[in-house]
$ cat run_39.pdb   # PDB, C-alpha atoms, pLDDT in the B column
MODEL        1
ATOM      1  CA  LEU A   1      98.667 112.492 113.845  1.00 41.00           C
ATOM      2  CA  THR A   2      96.518 109.744 112.412  1.00 46.00           C
ATOM      3  CA  ALA A   3      96.490 106.345 113.969  1.00 48.00           C
ATOM      4  CA  LEU A   4      96.166 103.276 111.818  1.00 50.00           C
ATOM      5  CA  PRO A   5      92.480 102.984 110.994  1.00 50.00           C
ATOM      6  CA  LEU A   6      92.296  99.265 111.512  1.00 51.00           C
ATOM      7  CA  ARG A   7      92.005  96.638 114.117  1.00 55.00           C
ATOM      8  CA  VAL A   8      95.553  95.555 114.514  1.00 63.00           C
ATOM      9  CA  GLY A   9      96.280  92.600 116.743  1.00 71.00           C
ATOM     10  CA  ALA A  10      98.937  92.776 119.434  1.00 78.00           C
ATOM     11  CA  ALA A  11     101.516  90.947 117.330  1.00 81.00           C
ATOM     12  CA  GLY A  12     100.859  93.257 114.401  1.00 83.00           C
ATOM     13  CA  GLU A  13     101.107  96.300 116.664  1.00 85.00           C
ATOM     14  CA  ASP A  14     104.460  95.097 117.972  1.00 87.00           C
ATOM     15  CA  ALA A  15     105.783  94.545 114.467  1.00 89.00           C
ATOM     16  CA  ILE A  16     104.674  98.019 113.392  1.00 90.00           C
ATOM     17  CA  ALA A  17     106.152  99.634 116.508  1.00 91.00           C
ATOM     18  CA  ALA A  18     109.454  97.856 115.943  1.00 91.00           C
ATOM     19  CA  PHE A  19     109.571  99.205 112.394  1.00 92.00           C
ATOM     20  CA  THR A  20     108.386 102.777 113.029  1.00 92.00           C
ATOM     21  CA  GLY A  21     109.808 103.258 116.504  1.00 90.00           C
ATOM     22  CA  GLY A  22     106.349 104.417 117.578  1.00 88.00           C
ATOM     23  CA  ALA A  23     106.254 107.278 115.054  1.00 89.00           C
ATOM     24  CA  ASP A  24     102.973 108.372 113.488  1.00 90.00           C
ATOM     25  CA  VAL A  25     101.954 106.631 110.300  1.00 91.00           C
ATOM     26  CA  SER A  26      99.913 108.481 107.695  1.00 90.00           C
ATOM     27  CA  GLU A  27      97.781 107.088 104.898  1.00 87.00           C
ATOM     28  CA  GLY A  28      98.854 107.490 101.286  1.00 84.00           C
ATOM     29  CA  GLY A  29     102.169 107.903  99.529  1.00 89.00           C
ATOM     30  CA  ILE A  30     102.433 104.179  99.075  1.00 95.00           C
ATOM     31  CA  THR A  31     100.670 101.809  96.744  1.00 95.00           C
ATOM     32  CA  LEU A  32      99.873  98.238  97.690  1.00 96.00           C
ATOM     33  CA  ASP A  33      98.826  95.880  94.928  1.00 96.00           C
ATOM     34  CA  ALA A  34      97.036  92.758  96.031  1.00 95.00           C
ATOM     35  CA  PRO A  35      94.116  90.821  94.592  1.00 95.00           C
ATOM     36  CA  GLU A  36      90.663  91.375  96.074  1.00 94.00           C
ATOM     37  CA  ILE A  37      90.043  87.651  96.047  1.00 94.00           C
ATOM     38  CA  ALA A  38      92.813  85.069  96.240  1.00 93.00           C
ATOM     39  CA  GLU A  39      91.742  81.549  95.447  1.00 89.00           C
ATOM     40  CA  ASN A  40      94.839  80.006  96.927  1.00 91.00           C
ATOM     41  CA  GLY A  41      96.296  81.513 100.087  1.00 91.00           C
ATOM     42  CA  ASN A  42      99.545  79.644  99.532  1.00 92.00           C
ATOM     43  CA  THR A  43     100.695  82.017  96.863  1.00 93.00           C
ATOM     44  CA  VAL A  44      99.161  85.473  96.685  1.00 95.00           C
ATOM     45  CA  PRO A  45     100.890  87.999  94.415  1.00 96.00           C
ATOM     46  CA  VAL A  46     101.486  91.350  96.101  1.00 97.00           C
ATOM     47  CA  GLY A  47     103.393  94.416  95.013  1.00 96.00           C
ATOM     48  CA  VAL A  48     104.437  97.565  96.828  1.00 96.00           C
ATOM     49  CA  SER A  49     105.469 100.894  95.401  1.00 96.00           C
ATOM     50  CA  ALA A  50     106.470 103.953  97.399  1.00 95.00           C
ATOM     51  CA  ASP A  51     108.415 106.769  95.757  1.00 93.00           C
ATOM     52  CA  GLY A  52     111.173 108.008  98.004  1.00 91.00           C
ATOM     53  CA  ALA A  53     110.949 105.178 100.504  1.00 94.00           C
ATOM     54  CA  SER A  54     114.085 103.719 102.026  1.00 95.00           C
ATOM     55  CA  ALA A  55     112.279 100.631 103.277  1.00 96.00           C
ATOM     56  CA  VAL A  56     108.859  99.024 103.042  1.00 96.00           C
ATOM     57  CA  MET A  57     107.486  96.534 105.544  1.00 96.00           C
ATOM     58  CA  LEU A  58     104.777  94.094 104.511  1.00 96.00           C
ATOM     59  CA  LEU A  59     102.438  92.608 107.125  1.00 95.00           C
ATOM     60  CA  ALA A  60      99.636  90.058 106.976  1.00 94.00           C
ATOM     61  CA  LEU A  61      97.605  90.885 110.075  1.00 92.00           C
ATOM     62  CA  GLY A  62      95.553  87.696 110.034  1.00 91.00           C
ATOM     63  CA  ASN A  63      98.487  85.313 109.888  1.00 91.00           C
ATOM     64  CA  PRO A  64      99.753  83.451 112.979  1.00 89.00           C
ATOM     65  CA  ASN A  65     102.916  85.525 112.550  1.00 91.00           C
ATOM     66  CA  PRO A  66     102.092  88.872 110.911  1.00 92.00           C
ATOM     67  CA  ASP A  67     105.627  89.493 109.600  1.00 94.00           C
ATOM     68  CA  VAL A  68     105.959  88.911 105.870  1.00 96.00           C
ATOM     69  CA  ALA A  69     108.956  90.838 104.579  1.00 96.00           C
ATOM     70  CA  VAL A  70     110.922  94.063 104.780  1.00 96.00           C
ATOM     71  CA  PHE A  71     112.251  95.503 101.531  1.00 97.00           C
ATOM     72  CA  ASN A  72     115.298  97.748 102.007  1.00 97.00           C
ATOM     73  CA  PHE A  73     116.038  99.776  98.906  1.00 96.00           C
ATOM     74  CA  GLY A  74     119.711 100.467  98.228  1.00 96.00           C
ATOM     75  CA  GLU A  75     121.545 103.178  96.355  1.00 95.00           C
ATOM     76  CA  LEU A  76     121.088 101.454  92.992  1.00 96.00           C
ATOM     77  CA  ALA A  77     117.411 100.633  93.369  1.00 96.00           C
ATOM     78  CA  GLY A  78     115.832 101.656  90.064  1.00 95.00           C
ATOM     79  CA  SER A  79     112.557 102.428  91.802  1.00 95.00           C
ATOM     80  CA  GLN A  80     111.027 101.840  95.196  1.00 96.00           C
ATOM     81  CA  THR A  81     108.934  99.039  93.795  1.00 96.00           C
ATOM     82  CA  ALA A  82     108.986  95.336  94.472  1.00 96.00           C
ATOM     83  CA  SER A  83     106.647  92.421  94.110  1.00 97.00           C
ATOM     84  CA  THR A  84     106.609  88.929  95.501  1.00 97.00           C
ATOM     85  CA  ARG A  85     104.245  86.106  96.446  1.00 96.00           C
ATOM     86  CA  ILE A  86     103.053  85.562  99.983  1.00 96.00           C
ATOM     87  CA  ARG A  87     101.027  83.151 102.125  1.00 94.00           C
ATOM     88  CA  LEU A  88      97.773  84.223 103.721  1.00 94.00           C
ATOM     89  CA  ALA A  89      96.123  82.033 106.365  1.00 92.00           C
ATOM     90  CA  GLY A  90      92.667  83.380 105.532  1.00 91.00           C
ATOM     91  CA  THR A  91      90.691  86.470 104.603  1.00 93.00           C
ATOM     92  CA  GLN A  92      92.452  89.402 106.200  1.00 94.00           C
ATOM     93  CA  ASP A  93      94.039  92.837 105.867  1.00 94.00           C
ATOM     94  CA  VAL A  94      97.457  93.101 104.243  1.00 95.00           C
ATOM     95  CA  VAL A  95      99.371  96.214 105.291  1.00 94.00           C
ATOM     96  CA  ALA A  96     102.374  97.897 103.743  1.00 95.00           C
ATOM     97  CA  ILE A  97     104.255 100.576 105.667  1.00 95.00           C
ATOM     98  CA  ALA A  98     106.880 102.699 103.965  1.00 96.00           C
ATOM     99  CA  LYS A  99     109.713 104.428 105.761  1.00 95.00           C
ATOM    100  CA  MET A 100     110.346 107.582 103.766  1.00 94.00           C
ATOM    101  CA  ALA A 101     113.760 109.180 103.263  1.00 90.00           C
ATOM    102  CA  ASP A 102     112.717 112.108 105.487  1.00 90.00           C
ATOM    103  CA  GLY A 103     111.908 109.755 108.377  1.00 90.00           C
ATOM    104  CA  SER A 104     108.121 109.836 108.049  1.00 94.00           C
ATOM    105  CA  PHE A 105     105.972 106.757 107.600  1.00 95.00           C
ATOM    106  CA  ALA A 106     103.128 106.005 105.217  1.00 95.00           C
ATOM    107  CA  SER A 107     100.829 103.028 105.053  1.00 94.00           C
ATOM    108  CA  ALA A 108      98.375 101.326 102.754  1.00 95.00           C
ATOM    109  CA  THR A 109      95.946  98.544 103.597  1.00 94.00           C
ATOM    110  CA  LYS A 110      94.140  96.090 101.411  1.00 95.00           C
ATOM    111  CA  ASN A 111      91.634  93.445 102.386  1.00 95.00           C
ATOM    112  CA  VAL A 112      92.199  90.150 100.619  1.00 95.00           C
ATOM    113  CA  LYS A 113      89.538  87.453 100.599  1.00 94.00           C
ATOM    114  CA  VAL A 114      91.116  84.030 100.682  1.00 93.00           C
ATOM    115  CA  THR A 115      89.203  80.954  99.520  1.00 88.00           C
ATOM    116  CA  ILE A 116      91.738  78.321 100.614  1.00 79.00           C
ATOM    117  CA  GLY A 117      94.018  79.257 103.512  1.00 73.00           C
ATOM    118  CA  GLY A 118      97.749  79.057 103.084  1.00 68.00           C
ATOM    119  CA  CYS A 119      99.100  77.721 106.325  1.00 63.00           C
ATOM    120  CA  GLY A 120      99.059  74.069 105.417  1.00 57.00           C
ATOM    121  CA  GLY A 121      97.946  71.610 108.030  1.00 42.00           C
TER     122      GLY A 121
ATOM    123  CA  MET B 122     117.341  72.118 102.925  1.00 49.00           C
ATOM    124  CA  ALA B 123     120.528  72.325 100.970  1.00 53.00           C
ATOM    125  CA  SER B 124     119.569  70.065  98.091  1.00 70.00           C
ATOM    126  CA  GLY B 125     117.523  70.940  95.059  1.00 80.00           C
ATOM    127  CA  VAL B 126     117.825  74.676  95.564  1.00 89.00           C
ATOM    128  CA  LYS B 127     118.162  76.330  92.191  1.00 92.00           C
ATOM    129  CA  PRO B 128     118.223  80.092  91.708  1.00 94.00           C
ATOM    130  CA  ARG B 129     116.837  81.517  88.477  1.00 95.00           C
ATOM    131  CA  VAL B 130     117.317  85.134  87.455  1.00 96.00           C
ATOM    132  CA  LYS B 131     115.942  86.997  84.496  1.00 96.00           C
ATOM    133  CA  ALA B 132     117.989  90.112  83.759  1.00 95.00           C
ATOM    134  CA  PRO B 133     118.863  91.924  80.523  1.00 95.00           C
ATOM    135  CA  LYS B 134     122.339  91.304  79.087  1.00 95.00           C
ATOM    136  CA  THR B 135     122.729  94.862  77.853  1.00 95.00           C
ATOM    137  CA  ALA B 136     121.535  98.255  79.047  1.00 95.00           C
ATOM    138  CA  SER B 137     122.296 101.885  78.384  1.00 95.00           C
ATOM    139  CA  ALA B 138     124.180 103.816  81.065  1.00 94.00           C
ATOM    140  CA  GLY B 139     121.852 104.854  83.858  1.00 93.00           C
ATOM    141  CA  GLU B 140     119.004 102.726  82.557  1.00 95.00           C
ATOM    142  CA  VAL B 141     116.537 101.251  85.015  1.00 96.00           C
ATOM    143  CA  VAL B 142     116.053  97.566  84.322  1.00 96.00           C
ATOM    144  CA  THR B 143     113.521  95.149  85.771  1.00 97.00           C
ATOM    145  CA  ILE B 144     114.882  91.995  87.363  1.00 96.00           C
ATOM    146  CA  LYS B 145     112.909  88.853  88.110  1.00 97.00           C
ATOM    147  CA  THR B 146     114.253  86.194  90.436  1.00 97.00           C
ATOM    148  CA  LEU B 147     112.929  82.842  91.540  1.00 96.00           C
ATOM    149  CA  ILE B 148     114.609  80.276  93.735  1.00 96.00           C
ATOM    150  CA  SER B 149     113.273  76.787  94.307  1.00 95.00           C
ATOM    151  CA  HIS B 150     112.893  76.259  98.053  1.00 94.00           C
ATOM    152  CA  LYS B 151     110.065  74.739 100.049  1.00 92.00           C
ATOM    153  CA  MET B 152     110.064  77.596 102.612  1.00 93.00           C
ATOM    154  CA  GLU B 153     108.774  75.482 105.502  1.00 92.00           C
ATOM    155  CA  SER B 154     106.919  78.101 107.551  1.00 90.00           C
ATOM    156  CA  GLY B 155     107.144  76.466 110.969  1.00 88.00           C
ATOM    157  CA  GLN B 156     103.337  76.559 111.239  1.00 87.00           C
ATOM    158  CA  ARG B 157     102.544  73.216 109.683  1.00 89.00           C
ATOM    159  CA  ARG B 158     102.197  69.905 111.491  1.00 88.00           C
ATOM    160  CA  ASP B 159     103.129  66.464 110.255  1.00 88.00           C
ATOM    161  CA  SER B 160     100.744  63.493 110.286  1.00 90.00           C
ATOM    162  CA  ASP B 161     101.574  62.838 113.973  1.00 91.00           C
ATOM    163  CA  GLY B 162     100.643  66.373 114.958  1.00 89.00           C
ATOM    164  CA  ASN B 163     104.191  67.522 115.582  1.00 92.00           C
ATOM    165  CA  LEU B 164     105.219  70.964 114.395  1.00 91.00           C
ATOM    166  CA  ILE B 165     107.526  70.828 111.396  1.00 91.00           C
ATOM    167  CA  PRO B 166     110.428  73.150 112.247  1.00 92.00           C
ATOM    168  CA  ARG B 167     110.827  76.339 110.275  1.00 91.00           C
ATOM    169  CA  SER B 168     113.290  76.154 107.399  1.00 93.00           C
ATOM    170  CA  ILE B 169     113.225  79.143 105.102  1.00 94.00           C
ATOM    171  CA  ILE B 170     115.425  81.539 103.217  1.00 95.00           C
ATOM    172  CA  ASN B 171     115.457  84.560 105.505  1.00 95.00           C
ATOM    173  CA  ARG B 172     117.275  87.148 103.415  1.00 96.00           C
ATOM    174  CA  PHE B 173     117.747  88.071  99.774  1.00 97.00           C
ATOM    175  CA  THR B 174     120.092  90.733  98.430  1.00 97.00           C
ATOM    176  CA  CYS B 175     120.868  92.156  95.013  1.00 97.00           C
ATOM    177  CA  ASP B 176     124.030  94.195  94.445  1.00 97.00           C
ATOM    178  CA  PHE B 177     125.531  95.734  91.337  1.00 96.00           C
ATOM    179  CA  ASN B 178     129.349  96.005  91.343  1.00 95.00           C
ATOM    180  CA  GLY B 179     129.263  95.920  95.136  1.00 95.00           C
ATOM    181  CA  THR B 180     126.611  98.609  95.563  1.00 96.00           C
ATOM    182  CA  ASN B 181     123.334  97.465  97.075  1.00 96.00           C
ATOM    183  CA  ALA B 182     120.082  97.725  95.151  1.00 97.00           C
ATOM    184  CA  LEU B 183     117.719  95.635  97.256  1.00 97.00           C
ATOM    185  CA  ASP B 184     117.939  93.848 100.587  1.00 97.00           C
ATOM    186  CA  VAL B 185     114.892  91.848 101.656  1.00 97.00           C
ATOM    187  CA  GLU B 186     114.243  90.431 105.111  1.00 96.00           C
ATOM    188  CA  MET B 187     111.985  87.420 104.646  1.00 96.00           C
ATOM    189  CA  HIS B 188     109.638  85.646 107.048  1.00 94.00           C
ATOM    190  CA  GLY B 189     107.612  82.449 106.978  1.00 93.00           C
ATOM    191  CA  ALA B 190     104.780  84.071 105.051  1.00 94.00           C
ATOM    192  CA  ILE B 191     106.820  84.234 101.839  1.00 95.00           C
ATOM    193  CA  SER B 192     105.517  81.539  99.496  1.00 94.00           C
ATOM    194  CA  THR B 193     107.287  78.380  98.447  1.00 94.00           C
ATOM    195  CA  ASN B 194     109.833  79.111  95.703  1.00 95.00           C
ATOM    196  CA  PRO B 195     110.336  82.789  96.634  1.00 96.00           C
ATOM    197  CA  TYR B 196     109.814  85.160  93.743  1.00 96.00           C
ATOM    198  CA  PHE B 197     110.902  88.792  93.544  1.00 97.00           C
ATOM    199  CA  GLU B 198     110.501  91.412  90.873  1.00 97.00           C
ATOM    200  CA  PHE B 199     112.198  94.800  91.255  1.00 97.00           C
ATOM    201  CA  ASP B 200     114.096  97.552  89.430  1.00 97.00           C
ATOM    202  CA  VAL B 201     117.817  98.240  89.388  1.00 97.00           C
ATOM    203  CA  THR B 202     119.703 101.222  87.968  1.00 96.00           C
ATOM    204  CA  ILE B 203     122.652 100.136  85.791  1.00 96.00           C
ATOM    205  CA  PRO B 204     125.280 102.940  85.829  1.00 95.00           C
ATOM    206  CA  GLU B 205     128.042 101.033  83.998  1.00 95.00           C
ATOM    207  CA  SER B 206     129.046  97.597  82.740  1.00 95.00           C
ATOM    208  CA  GLY B 207     129.367  95.071  85.499  1.00 95.00           C
ATOM    209  CA  ASP B 208     127.886  92.207  87.446  1.00 96.00           C
ATOM    210  CA  LEU B 209     124.586  91.828  89.184  1.00 96.00           C
ATOM    211  CA  GLN B 210     125.164  89.711  92.260  1.00 97.00           C
ATOM    212  CA  PHE B 211     122.191  87.861  93.779  1.00 97.00           C
ATOM    213  CA  THR B 212     122.467  86.202  97.169  1.00 97.00           C
ATOM    214  CA  TRP B 213     119.987  84.158  99.182  1.00 96.00           C
ATOM    215  CA  TYR B 214     120.610  83.264 102.839  1.00 96.00           C
ATOM    216  CA  ASP B 215     119.078  80.051 104.213  1.00 95.00           C
ATOM    217  CA  ASP B 216     118.106  79.432 107.872  1.00 94.00           C
ATOM    218  CA  ASP B 217     120.513  76.473 107.871  1.00 93.00           C
ATOM    219  CA  GLY B 218     123.468  78.731 107.020  1.00 93.00           C
ATOM    220  CA  SER B 219     123.595  77.873 103.330  1.00 94.00           C
ATOM    221  CA  VAL B 220     124.157  80.734 100.932  1.00 95.00           C
ATOM    222  CA  TYR B 221     122.946  80.495  97.347  1.00 95.00           C
ATOM    223  CA  GLU B 222     124.382  82.826  94.731  1.00 95.00           C
ATOM    224  CA  ASP B 223     123.909  83.817  91.131  1.00 96.00           C
ATOM    225  CA  VAL B 224     125.692  86.400  88.991  1.00 96.00           C
ATOM    226  CA  LYS B 225     124.492  88.066  85.795  1.00 96.00           C
ATOM    227  CA  SER B 226     126.723  90.317  83.711  1.00 96.00           C
ATOM    228  CA  VAL B 227     125.268  93.438  82.144  1.00 95.00           C
ATOM    229  CA  LYS B 228     127.031  95.306  79.330  1.00 95.00           C
ATOM    230  CA  VAL B 229     126.495  99.014  78.822  1.00 91.00           C
TER     231      VAL B 229
ENDMDL
END
$ encode --input "run_39.pdb" --output "structure tokens"
Amino acid sequence: LTALPLRVGAAGEDAIAAFTGGADVSEGGITLDAPEIAENGNTVPVGVSADGASAVMLLALGNPNPDVAVFNFGELAGSQTASTRIRLAGTQDVVAIAKMADGSFASATKNVKVTIGGCGG
Amino acid sequence: MASGVKPRVKAPKTASAGEVVTIKTLISHKMESGQRRDSDGNLIPRSIINRFTCDFNGTNALDVEMHGAISTNPYFEFDVTIPESGDLQFTWYDDDGSVYEDVKSVKV
């Protein structure tokens, strides 16, 4: 029904399509925790939380390769929550897409301003 | 990179049956993203841990597919339900085929 309300690059679009199988993605139902401003793009703490999700994909749309991680929650997952630290090449949108148990998809987007990019070089 | 990789896991030693516990894991690994260049301008090949799993008594709790954008020394924090006494099994899979493991026992 709703398309993703953001400017997603081709690589990001491909990654999303591979995950959702082209299904519609709605907003809400998933929480994405990320700082508004990250001083160091080499290690940016992010957390995702989506009740009832079987998997959550994390994308950094402004990175050379938008794929970050896919969290698959198993039978003994205590909650559909996970956090990690990621690299961001520069200021950009971070997107989390949850695959719900009923087969629907939900997304959340957060813009992160990066002071020092995290792709080395 | 097979040297200097050291997994660290923080998990409770005891829990009540059915309790949800929070696990923190960190593994030292440089996670070479494949995007950087050396001083001669040549791309440094990717060398990362590409998968992390956590199982309890053989039942999966979390399975993470990792890409180059995961930071050096990958860190994960997540929740696991502990139904009975047993072992938490943590496994990391390296691009080079190495597998790093750690086990933590939990008593109910």
$ closest_residue --input "run_39.pdb" --among "A:Ala101, A:Ile116, A:Leu61, A:Ala108" --to "chain B" --atoms "all atoms listed in the file"
A:Leu61
$ residues_around --input "run_39.pdb" --residues "stretch 19-36 of chain A" --least-positions-apart "6" --cutoff "10 Å" --atoms "only C-alpha atoms" --output "PyMOL selection string"
chain A and resi 1-5+13+44-53+55-58+70+80-81+83+85+91+94-100+103-114
$ resolve_selection --input "run_39.pdb" --expression "the PyMOL selection byres ((chain B) within 10 of (chain A))" --output "ChimeraX atom specification"
/B:139-147,153-160,162,164,171-177,180-204
$ residues_around --input "run_39.pdb" --residues "A:Gly62" --least-positions-apart "6" --cutoff "7 Å" --atoms "all atoms listed in the file" --output "PDB file with C-alpha atoms, in the frame of the given file"
ATOM      1  CA  ALA A  89      96.123  82.033 106.365  1.00 92.00           C
ATOM      2  CA  GLY A  90      92.667  83.380 105.532  1.00 91.00           C
ATOM      3  CA  GLN A  92      92.452  89.402 106.200  1.00 94.00           C
ATOM      4  CA  ASP A  93      94.039  92.837 105.867  1.00 94.00           C
TER       5      ASP A  93
END
$ residues_around --input "run_39.pdb" --residues "B:Val227" --least-positions-apart "4" --cutoff "6 Å" --atoms "all atoms listed in the file" --output "MDAnalysis selection string"
chainID B and resid 134:135 206:207
$ write_last_selection --input "run_39.pdb" --atoms "C-alpha atoms" --output "compact mmCIF listing (two decimals), in the coordinates of the input"
# COMPACT_ATOMS: atom_id res chain seq x y z
CA LYS B 134 122.34 91.30 79.09
CA THR B 135 122.73 94.86 77.85
CA SER B 206 129.05 97.60 82.74
CA GLY B 207 129.37 95.07 85.50
$ residues_around --input "run_39.pdb" --residues "stretch 125-128 of chain B" --least-positions-apart "6" --cutoff "6 Å" --atoms "all atoms listed in the file" --output "list in words"
Leu147, Ile148, Ser149 and His150 of chain B
$ closest_residue --input "run_39.pdb" --among "B:Arg129, B:Arg167, B:Lys151, B:Lys228" --to "B:Glu205" --atoms "all atoms listed in the file"
B:Lys228
$ atom_distance --input "run_39.pdb" --atom1 "atom CA of A:Ser54" --atom2 "atom CA of B:Thr212"
20.0 Å
$ atom_distance --input "run_39.pdb" --atom1 "atom CA of B:Asp217" --atom2 "atom CA of A:Ile16"
27.3 Å
$ atom_distance --input "run_39.pdb" --atom1 "atom CA of B:Gly218" --atom2 "atom CA of B:Pro166"
15.1 Å
$ build_atoms --input "run_39.pdb" --residues "stretch 136-144 of chain B" --atoms "all heavy atoms" --output "JSON list (two decimals), keeping the file's coordinate frame"
[["chain", "number", "residue", "atom", "x", "y", "z"],
["B", 136, "ALA", "N", 122.34, 97.11, 78.60],
["B", 136, "ALA", "CA", 121.54, 98.26, 79.05],
["B", 136, "ALA", "C", 122.29, 99.51, 78.66],
["B", 136, "ALA", "O", 123.49, 99.46, 78.40],
["B", 136, "ALA", "CB", 121.33, 98.21, 80.55],
["B", 137, "SER", "N", 121.58, 100.63, 78.60],
["B", 137, "SER", "CA", 122.30, 101.88, 78.38],
["B", 137, "SER", "C", 122.66, 102.46, 79.75],
["B", 137, "SER", "O", 122.03, 102.13, 80.76],
["B", 137, "SER", "CB", 121.43, 102.86, 77.58],
["B", 137, "SER", "OG", 120.15, 102.96, 78.15],
["B", 138, "ALA", "N", 123.69, 103.29, 79.79],
["B", 138, "ALA", "CA", 124.18, 103.82, 81.06],
["B", 138, "ALA", "C", 123.06, 104.55, 81.80],
["B", 138, "ALA", "O", 122.39, 105.40, 81.23],
["B", 138, "ALA", "CB", 125.36, 104.74, 80.83],
["B", 139, "GLY", "N", 122.87, 104.20, 83.05],
["B", 139, "GLY", "CA", 121.85, 104.85, 83.86],
["B", 139, "GLY", "C", 120.45, 104.31, 83.67],
["B", 139, "GLY", "O", 119.50, 104.79, 84.28],
["B", 140, "GLU", "N", 120.33, 103.29, 82.82],
["B", 140, "GLU", "CA", 119.00, 102.73, 82.56],
["B", 140, "GLU", "C", 118.49, 101.96, 83.77],
["B", 140, "GLU", "O", 119.24, 101.32, 84.50],
["B", 140, "GLU", "CB", 119.09, 101.79, 81.34],
["B", 140, "GLU", "CG", 117.72, 101.33, 80.85],
["B", 140, "GLU", "CD", 117.80, 100.35, 79.67],
["B", 140, "GLU", "OE1", 118.86, 100.32, 79.01],
["B", 140, "GLU", "OE2", 116.82, 99.65, 79.45],
["B", 141, "VAL", "N", 117.18, 102.02, 83.95],
["B", 141, "VAL", "CA", 116.54, 101.25, 85.02],
["B", 141, "VAL", "C", 116.00, 99.96, 84.40],
["B", 141, "VAL", "O", 115.20, 100.01, 83.47],
["B", 141, "VAL", "CB", 115.40, 102.06, 85.66],
["B", 141, "VAL", "CG1", 114.62, 101.19, 86.64],
["B", 141, "VAL", "CG2", 115.95, 103.28, 86.37],
["B", 142, "VAL", "N", 116.49, 98.84, 84.87],
["B", 142, "VAL", "CA", 116.05, 97.57, 84.32],
["B", 142, "VAL", "C", 115.25, 96.79, 85.37],
["B", 142, "VAL", "O", 115.45, 96.96, 86.57],
["B", 142, "VAL", "CB", 117.24, 96.71, 83.85],
["B", 142, "VAL", "CG1", 118.04, 97.43, 82.77],
["B", 142, "VAL", "CG2", 118.15, 96.35, 85.01],
["B", 143, "THR", "N", 114.33, 95.97, 84.88],
["B", 143, "THR", "CA", 113.52, 95.15, 85.77],
["B", 143, "THR", "C", 114.13, 93.76, 85.88],
["B", 143, "THR", "O", 114.49, 93.15, 84.87],
["B", 143, "THR", "CB", 112.08, 95.06, 85.26],
["B", 143, "THR", "OG1", 111.54, 96.38, 85.22],
["B", 143, "THR", "CG2", 111.22, 94.20, 86.16],
["B", 144, "ILE", "N", 114.28, 93.30, 87.10],
["B", 144, "ILE", "CA", 114.88, 92.00, 87.36],
["B", 144, "ILE", "C", 113.81, 91.08, 87.95],
["B", 144, "ILE", "O", 113.01, 91.52, 88.78],
["B", 144, "ILE", "CB", 116.02, 92.13, 88.40],
["B", 144, "ILE", "CG1", 116.95, 93.27, 88.07],
["B", 144, "ILE", "CG2", 116.75, 90.80, 88.58],
["B", 144, "ILE", "CD1", 117.95, 93.00, 87.01]]
